[in-house]
Structures are given as structure tokens and as C-alpha cells.
Amino acid sequence: PASIDATQELLAGADYLADRSLATVLFLALRMARPIFLEGEAGVGKTEIAKVLSATLGRKLIRLQCYEGLDVGSAVYEWNYAAQMIAIRLAEAEGTVDRARLTHDIFSEEFLIKRPLLQALEPDTGGAPVLLIDELDRTDEAFEAFLLEVLADFQVTVPEMGTVKAAQPPIVVITSNRTREIHDALKRRCLYHWVDYPTAERETAIVRTKVPGISARLSEEIVRFVQALRHEDLFKAPGVAETLDWAGALTELDAVALDPATVSDTLGVLLKYQDDIARLQGSRAAELIDRLRADMTAAE
């Protein structure tokens, strides 16, 4: 995109309604060929940004889902040891084993299993791919340190083959739910943005875009109820993803407005912890509904 406005329009074309600050950071990341580091609560749409960029720019999406214990073998590459062993046995059976040549042959690209980070550095006729490193905070500091080479120079080193460097840097999107702090050395290599919960107006627009056929009244009540929940003392406040799931569920139930019984019956779509559900069931849900309706009446 040629401008920040064009970036917003690009995202909106895939039904992602971004605010201007996010569009600005994405625009700069694309123009400067810098990774973008997105932090925020779970369910606010961080991962979706990479998917939308892939779809709108026509680039392949390569996703590295992070988890505790993630290592180089799972993230970058590993050798196909079974195939290497077969090649060695065949060479021995032929009786003409040149050890130096055999070593060179079995540590070649033919026996290399490429994982997401190495795949993202390969040339692609469709353009540099979008590399999504999702939920980096789930990994440990050792893996973060390894990523520094990748993010600084867009290259990785395979000891048996040498350094693999990207001819065209991939579009890198890194996400974190901030369950732990990410080291400053990694953040310095990225453009940073905190993806916050949307305003009520923008969340209402998102619901109406993503849940076709929902009534204006129901969508407004849903968003006001969810926004109120985010100020409650909950173990996990609902994100935009949960708002959309709940809106879809209530639409399937042909609801035209919120009522305490329907809210209590469907809280499992919106909240994911029993303590939170128990806190909201019954009178508390009714109080929130009464309050939001009073606010809506006062705003008219």
C-alpha cells in the first residue's frame, strides 16, 4: 500500500477494521521491511492481522506456532535421519564407499527437512511470504536468542551446509499475549504495537461486518454487555473473538435482544472459566442488561 489510508482500506477489504495507529505501524513495517511485534490480550485479533496481510497481498502464509520447549529442530530444520541411514546402507552395499563424498551427499538439501523459519527464507515467485511467529511468549529465552539472527539479517545457519539468507525478506508478524516479558534485544529489531480492545463503536462495526444478518439492536446490546464485562473482576475478560462467537450463537438462537435467561445459558460461549461464569449468572447478568439499556435510552 502507498499510504496509511491505503493500508486501512487494504485491511478493510478483508473485513479487518483496524484503527489508524495499527494501520500506521503496518504501513511502516511493510515499507521499511521490518518485523512487527504485536502484543495484547488473547482474542483481540493479533494473529488475524498476519492472515489478512497474506490474503490481501497475495502472499503465502507460513505459521510457526510457539509452545514451551520449541527448539531449532521444530522451528528451523532437521535432517531426515531415516533417509540418510538408507543412503549409507545402499552405498555400503555397493562396496564403493567414499566417506568424504558420502558425508557431502547425505548432508545435502535432498535430506533436509525445512521447518517454518527456513521455509520463510526461500525465494518465492509469488513474493516474500508472510511469516507468522505466533505466541512467542510461550517459548523460552534460548529460542528468543536464536531468533535474533533471523530477525536481524533474515538468515539462519545450517552448520553442515552454511548460511541460508533470504534474497527478499519475509513479512514477519510476531505476536505475544504477554504471559511473560520478551527481551528488549528482540523488540529492538521490530516495530511495536499494542493491540488493545476496540472501542464500542469499532467493535459494533466489527460484529455487524463479521456476523451478517444480525440486528442493529442486538449487536449494540452485545457489544455494550461485553464492554461492561471487561470492567468486571474476571479471570479472563472476553476478547473480540469471543464477542463474535457470542453474536453468532445468539443469531443462531434467533435472539432479537438480550435477556437474563439467554445470557446465562450462553455464557459458556463468551467466558471460558467456570468461576467467571458463576459470577455472572443470574442477578449480575440482569443488572448489566438493565444498565446497558438505561445507557442506550439516555443516548437516544
# chains A, B, ... in the order shown; residues from 1 in each chain; ligands from 1
$ select_by_dssp --residues "stretch 173-237 of chain A" --states "strand (DSSP E or B)" --output "PyMOL selection string"
chain A and resi 173-176+191-194
$ closest_residue --among "A:Leu61, A:Cys66, A:Ile36, A:Leu22" --to "A:Pro129" --atoms "only C-alpha atoms"
A:Leu61
$ residues_around --residues "A:Glu39" --least-positions-apart "6" --cutoff "12 Å" --atoms "only C-alpha atoms" --output "ChimeraX atom specification"
/A:22,45-47,134-137,173-182,187,190-197
$ write_last_selection --atoms "N, CA, C and O atoms" --output "CSV table (one decimal), in the first residue's frame"
chain,number,residue,atom,x,y,z
A,22,LEU,N,-2.7,1.3,14.3
A,22,LEU,CA,-2.3,0.0,13.8
A,22,LEU,C,-2.0,0.0,12.3
A,22,LEU,O,-0.9,-0.5,11.9
A,45,GLY,N,-7.3,-10.1,18.0
A,45,GLY,CA,-7.1,-10.0,16.6
A,45,GLY,C,-5.7,-9.9,16.1
A,45,GLY,O,-5.4,-9.5,14.9
A,46,LYS,N,-4.7,-10.3,16.9
A,46,LYS,CA,-3.3,-10.2,16.5
A,46,LYS,C,-2.9,-11.2,15.4
A,46,LYS,O,-2.3,-10.8,14.4
A,47,THR,N,-3.3,-12.4,15.6
A,47,THR,CA,-3.0,-13.4,14.6
A,47,THR,C,-3.7,-13.2,13.3
A,47,THR,O,-3.2,-13.4,12.2
A,134,ASP,N,3.7,-17.0,16.1
A,134,ASP,CA,2.5,-16.8,16.9
A,134,ASP,C,2.8,-17.2,18.4
A,134,ASP,O,3.3,-18.3,18.7
A,135,GLU,N,2.4,-16.3,19.3
A,135,GLU,CA,2.5,-16.5,20.8
A,135,GLU,C,3.9,-16.8,21.2
A,135,GLU,O,4.2,-17.8,21.9
A,136,LEU,N,4.8,-15.9,20.9
A,136,LEU,CA,6.3,-16.1,21.2
A,136,LEU,C,6.5,-16.2,22.7
A,136,LEU,O,7.4,-16.8,23.1
A,137,ASP,N,5.6,-15.6,23.5
A,137,ASP,CA,5.8,-15.6,24.9
A,137,ASP,C,5.7,-17.0,25.5
A,137,ASP,O,6.0,-17.3,26.7
A,173,VAL,N,5.4,-11.2,11.2
A,173,VAL,CA,4.5,-10.7,12.2
A,173,VAL,C,4.7,-11.6,13.5
A,173,VAL,O,4.5,-12.8,13.4
A,174,ILE,N,5.1,-11.0,14.6
A,174,ILE,CA,5.3,-11.7,15.8
A,174,ILE,C,4.2,-11.3,16.8
A,174,ILE,O,3.9,-10.1,17.0
A,175,THR,N,3.6,-12.3,17.5
A,175,THR,CA,2.5,-12.0,18.4
A,175,THR,C,2.9,-12.5,19.8
A,175,THR,O,3.7,-13.5,19.9
A,176,SER,N,2.4,-11.8,20.8
A,176,SER,CA,2.6,-12.2,22.2
A,176,SER,C,1.4,-11.8,23.0
A,176,SER,O,0.8,-10.8,22.9
A,177,ASN,N,0.9,-12.8,23.9
A,177,ASN,CA,-0.2,-12.5,24.8
A,177,ASN,C,0.3,-11.9,26.1
A,177,ASN,O,-0.4,-11.8,27.1
A,178,ARG,N,1.6,-11.7,26.2
A,178,ARG,CA,2.3,-11.1,27.3
A,178,ARG,C,2.1,-11.9,28.6
A,178,ARG,O,1.9,-11.3,29.7
A,179,THR,N,2.2,-13.2,28.5
A,179,THR,CA,2.3,-14.0,29.7
A,179,THR,C,3.6,-13.9,30.4
A,179,THR,O,3.8,-14.3,31.5
A,180,ARG,N,4.6,-13.4,29.6
A,180,ARG,CA,5.9,-13.1,30.2
A,180,ARG,C,6.5,-12.0,29.3
A,180,ARG,O,6.0,-11.8,28.2
A,181,GLU,N,7.5,-11.3,29.8
A,181,GLU,CA,8.1,-10.2,29.0
A,181,GLU,C,9.1,-10.8,28.0
A,181,GLU,O,9.8,-11.7,28.3
A,182,ILE,N,9.1,-10.2,26.8
A,182,ILE,CA,10.0,-10.6,25.8
A,182,ILE,C,11.2,-9.7,25.9
A,182,ILE,O,11.1,-8.5,26.2
A,187,LYS,N,12.8,-7.1,20.8
A,187,LYS,CA,11.9,-6.0,20.5
A,187,LYS,C,12.6,-4.9,19.6
A,187,LYS,O,11.9,-4.2,18.8
A,190,CYS,N,12.2,-4.9,15.9
A,190,CYS,CA,10.9,-4.9,15.4
A,190,CYS,C,10.2,-3.5,15.6
A,190,CYS,O,10.7,-2.7,16.4
A,191,LEU,N,9.2,-3.3,14.8
A,191,LEU,CA,8.3,-2.2,15.1
A,191,LEU,C,7.2,-2.7,16.1
A,191,LEU,O,6.7,-3.8,15.9
A,192,TYR,N,6.8,-1.9,17.1
A,192,TYR,CA,6.0,-2.5,18.2
A,192,TYR,C,4.6,-1.8,18.1
A,192,TYR,O,4.5,-0.6,17.8
A,193,HIS,N,3.6,-2.6,18.5
A,193,HIS,CA,2.3,-2.1,18.6
A,193,HIS,C,1.5,-2.9,19.6
A,193,HIS,O,1.5,-4.2,19.6
A,194,TRP,N,0.8,-2.2,20.5
A,194,TRP,CA,-0.1,-2.9,21.5
A,194,TRP,C,-1.5,-2.9,20.9
A,194,TRP,O,-2.1,-1.9,20.6
A,195,VAL,N,-2.0,-4.1,20.7
A,195,VAL,CA,-3.4,-4.3,20.1
A,195,VAL,C,-4.3,-4.3,21.3
A,195,VAL,O,-4.4,-5.3,22.0
A,196,ASP,N,-5.1,-3.2,21.4
A,196,ASP,CA,-6.0,-3.1,22.6
A,196,ASP,C,-7.4,-3.6,22.2
A,196,ASP,O,-7.7,-3.8,21.0
A,197,TYR,N,-8.2,-3.7,23.2
A,197,TYR,CA,-9.6,-3.9,22.9
A,197,TYR,C,-10.2,-2.7,22.1
A,197,TYR,O,-9.8,-1.6,22.4
$ closest_residue --among "A:Ala42, A:Ile277, A:Ile4, A:Ala255" --to "A:Arg20" --atoms "only C-alpha atoms"
A:Ile4
$ closest_residue --among "A:Gln119, A:Thr157, A:Asn80, A:Ser215" --to "A:Phe107" --atoms "only C-alpha atoms"
A:Asn80
$ decode --residues "stretch 20-70 of chain A" --atoms "N, CA and C atoms" --output "JSON list (two decimals), in the first residue's frame"
[["chain", "number", "residue", "atom", "x", "y", "z"],
["A", 20, "ARG", "N", -6.31, 3.70, 13.12],
["A", 20, "ARG", "CA", -5.26, 4.34, 12.34],
["A", 20, "ARG", "C", -3.86, 4.05, 12.91],
["A", 21, "SER", "N", -3.74, 3.93, 14.21],
["A", 21, "SER", "CA", -2.42, 3.67, 14.79],
["A", 21, "SER", "C", -1.88, 2.31, 14.33],
["A", 22, "LEU", "N", -2.73, 1.30, 14.29],
["A", 22, "LEU", "CA", -2.30, -0.01, 13.81],
["A", 22, "LEU", "C", -1.97, 0.05, 12.33],
["A", 23, "ALA", "N", -2.81, 0.72, 11.55],
["A", 23, "ALA", "CA", -2.54, 0.84, 10.11],
["A", 23, "ALA", "C", -1.21, 1.55, 9.86],
["A", 24, "THR", "N", -0.89, 2.54, 10.70],
["A", 24, "THR", "CA", 0.38, 3.27, 10.55],
["A", 24, "THR", "C", 1.58, 2.35, 10.76],
["A", 25, "VAL", "N", 1.53, 1.55, 11.83],
["A", 25, "VAL", "CA", 2.64, 0.64, 12.12],
["A", 25, "VAL", "C", 2.78, -0.41, 11.02],
["A", 26, "LEU", "N", 1.67, -0.94, 10.55],
["A", 26, "LEU", "CA", 1.73, -1.93, 9.47],
["A", 26, "LEU", "C", 2.30, -1.31, 8.19],
["A", 27, "PHE", "N", 1.86, -0.11, 7.87],
["A", 27, "PHE", "CA", 2.38, 0.59, 6.68],
["A", 27, "PHE", "C", 3.89, 0.76, 6.78],
["A", 28, "LEU", "N", 4.37, 1.21, 7.94],
["A", 28, "LEU", "CA", 5.81, 1.41, 8.12],
["A", 28, "LEU", "C", 6.58, 0.10, 8.08],
["A", 29, "ALA", "N", 6.01, -0.94, 8.69],
["A", 29, "ALA", "CA", 6.68, -2.24, 8.68],
["A", 29, "ALA", "C", 6.84, -2.77, 7.25],
["A", 30, "LEU", "N", 5.82, -2.58, 6.43],
["A", 30, "LEU", "CA", 5.89, -3.04, 5.05],
["A", 30, "LEU", "C", 6.88, -2.20, 4.24],
["A", 31, "ARG", "N", 6.87, -0.89, 4.46],
["A", 31, "ARG", "CA", 7.76, -0.01, 3.68],
["A", 31, "ARG", "C", 9.21, -0.15, 4.11],
["A", 32, "MET", "N", 9.45, -0.37, 5.39],
["A", 32, "MET", "CA", 10.81, -0.44, 5.92],
["A", 32, "MET", "C", 11.36, -1.86, 5.98],
["A", 33, "ALA", "N", 10.51, -2.85, 5.60],
["A", 33, "ALA", "CA", 10.91, -4.27, 5.65],
["A", 33, "ALA", "C", 11.39, -4.65, 7.05],
["A", 34, "ARG", "N", 10.61, -4.23, 8.05],
["A", 34, "ARG", "CA", 10.93, -4.55, 9.45],
["A", 34, "ARG", "C", 9.87, -5.50, 10.00],
["A", 35, "PRO", "N", 10.27, -6.41, 10.89],
["A", 35, "PRO", "CA", 9.27, -7.24, 11.56],
["A", 35, "PRO", "C", 8.36, -6.37, 12.41],
["A", 36, "ILE", "N", 7.14, -6.82, 12.62],
["A", 36, "ILE", "CA", 6.21, -6.10, 13.50],
["A", 36, "ILE", "C", 5.89, -7.00, 14.69],
["A", 37, "PHE", "N", 6.00, -6.42, 15.88],
["A", 37, "PHE", "CA", 5.76, -7.16, 17.12],
["A", 37, "PHE", "C", 4.45, -6.68, 17.71],
["A", 38, "LEU", "N", 3.48, -7.58, 17.82],
["A", 38, "LEU", "CA", 2.14, -7.23, 18.30],
["A", 38, "LEU", "C", 1.90, -7.89, 19.65],
["A", 39, "GLU", "N", 1.64, -7.06, 20.65],
["A", 39, "GLU", "CA", 1.27, -7.56, 21.97],
["A", 39, "GLU", "C", -0.17, -7.18, 22.26],
["A", 40, "GLY", "N", -0.80, -7.92, 23.14],
["A", 40, "GLY", "CA", -2.17, -7.62, 23.53],
["A", 40, "GLY", "C", -2.82, -8.83, 24.16],
["A", 41, "GLU", "N", -4.00, -8.63, 24.70],
["A", 41, "GLU", "CA", -4.73, -9.73, 25.31],
["A", 41, "GLU", "C", -5.13, -10.75, 24.25],
["A", 42, "ALA", "N", -5.34, -11.98, 24.68],
["A", 42, "ALA", "CA", -5.77, -13.03, 23.75],
["A", 42, "ALA", "C", -7.13, -12.68, 23.17],
["A", 43, "GLY", "N", -7.28, -12.93, 21.86],
["A", 43, "GLY", "CA", -8.57, -12.74, 21.23],
["A", 43, "GLY", "C", -8.85, -11.35, 20.70],
["A", 44, "VAL", "N", -7.82, -10.48, 20.63],
["A", 44, "VAL", "CA", -8.06, -9.11, 20.13],
["A", 44, "VAL", "C", -7.75, -8.97, 18.64],
["A", 45, "GLY", "N", -7.28, -10.05, 18.00],
["A", 45, "GLY", "CA", -7.09, -10.01, 16.55],
["A", 45, "GLY", "C", -5.66, -9.90, 16.08],
["A", 46, "LYS", "N", -4.69, -10.27, 16.92],
["A", 46, "LYS", "CA", -3.28, -10.16, 16.53],
["A", 46, "LYS", "C", -2.93, -11.16, 15.42],
["A", 47, "THR", "N", -3.29, -12.41, 15.63],
["A", 47, "THR", "CA", -2.99, -13.44, 14.63],
["A", 47, "THR", "C", -3.71, -13.17, 13.32],
["A", 48, "GLU", "N", -4.91, -12.63, 13.42],
["A", 48, "GLU", "CA", -5.71, -12.36, 12.23],
["A", 48, "GLU", "C", -5.03, -11.36, 11.30],
["A", 49, "ILE", "N", -4.22, -10.46, 11.86],
["A", 49, "ILE", "CA", -3.53, -9.46, 11.05],
["A", 49, "ILE", "C", -2.62, -10.14, 10.03],
["A", 50, "ALA", "N", -1.87, -11.16, 10.47],
["A", 50, "ALA", "CA", -0.99, -11.87, 9.54],
["A", 50, "ALA", "C", -1.79, -12.58, 8.46],
["A", 51, "LYS", "N", -2.91, -13.18, 8.84],
["A", 51, "LYS", "CA", -3.75, -13.87, 7.87],
["A", 51, "LYS", "C", -4.31, -12.90, 6.84],
["A", 52, "VAL", "N", -4.71, -11.72, 7.31],
["A", 52, "VAL", "CA", -5.27, -10.71, 6.41],
["A", 52, "VAL", "C", -4.20, -10.19, 5.46],
["A", 53, "LEU", "N", -3.00, -9.93, 5.96],
["A", 53, "LEU", "CA", -1.91, -9.48, 5.10],
["A", 53, "LEU", "C", -1.61, -10.52, 4.02],
["A", 54, "SER", "N", -1.58, -11.78, 4.41],
["A", 54, "SER", "CA", -1.34, -12.85, 3.45],
["A", 54, "SER", "C", -2.40, -12.86, 2.35],
["A", 55, "ALA", "N", -3.67, -12.75, 2.75],
["A", 55, "ALA", "CA", -4.76, -12.81, 1.79],
["A", 55, "ALA", "C", -4.80, -11.59, 0.88],
["A", 56, "THR", "N", -4.63, -10.39, 1.46],
["A", 56, "THR", "CA", -4.76, -9.16, 0.67],
["A", 56, "THR", "C", -3.55, -8.90, -0.22],
["A", 57, "LEU", "N", -2.37, -9.30, 0.23],
["A", 57, "LEU", "CA", -1.16, -9.08, -0.56],
["A", 57, "LEU", "C", -0.86, -10.25, -1.51],
["A", 58, "GLY", "N", -1.64, -11.32, -1.39],
["A", 58, "GLY", "CA", -1.43, -12.48, -2.25],
["A", 58, "GLY", "C", -0.14, -13.21, -1.94],
["A", 59, "ARG", "N", 0.25, -13.24, -0.68],
["A", 59, "ARG", "CA", 1.49, -13.91, -0.26],
["A", 59, "ARG", "C", 1.18, -15.18, 0.52],
["A", 60, "LYS", "N", 2.08, -16.13, 0.44],
["A", 60, "LYS", "CA", 1.93, -17.37, 1.20],
["A", 60, "LYS", "C", 2.09, -17.08, 2.69],
["A", 61, "LEU", "N", 1.26, -17.72, 3.50],
["A", 61, "LEU", "CA", 1.36, -17.58, 4.95],
["A", 61, "LEU", "C", 2.10, -18.78, 5.51],
["A", 62, "ILE", "N", 3.18, -18.52, 6.22],
["A", 62, "ILE", "CA", 3.94, -19.56, 6.91],
["A", 62, "ILE", "C", 3.82, -19.29, 8.40],
["A", 63, "ARG", "N", 3.26, -20.24, 9.13],
["A", 63, "ARG", "CA", 2.97, -20.02, 10.56],
["A", 63, "ARG", "C", 3.84, -20.91, 11.44],
["A", 64, "LEU", "N", 4.50, -20.28, 12.39],
["A", 64, "LEU", "CA", 5.23, -21.00, 13.42],
["A", 64, "LEU", "C", 4.47, -20.81, 14.72],
["A", 65, "GLN", "N", 3.76, -21.85, 15.16],
["A", 65, "GLN", "CA", 3.01, -21.79, 16.41],
["A", 65, "GLN", "C", 3.96, -22.12, 17.55],
["A", 66, "CYS", "N", 4.17, -21.18, 18.44],
["A", 66, "CYS", "CA", 5.14, -21.37, 19.51],
["A", 66, "CYS", "C", 4.54, -22.14, 20.68],
["A", 67, "TYR", "N", 5.40, -22.83, 21.40],
["A", 67, "TYR", "CA", 4.98, -23.58, 22.58],
["A", 67, "TYR", "C", 6.21, -23.82, 23.44],
["A", 68, "GLU", "N", 5.98, -24.19, 24.68],
["A", 68, "GLU", "CA", 7.08, -24.43, 25.61],
["A", 68, "GLU", "C", 7.93, -25.59, 25.12],
["A", 69, "GLY", "N", 9.24, -25.38, 25.03],
["A", 69, "GLY", "CA", 10.13, -26.42, 24.57],
["A", 69, "GLY", "C", 10.42, -26.38, 23.08],
["A", 70, "LEU", "N", 9.88, -25.41, 22.37],
["A", 70, "LEU", "CA", 10.15, -25.28, 20.94],
["A", 70, "LEU", "C", 11.65, -25.13, 20.71]]
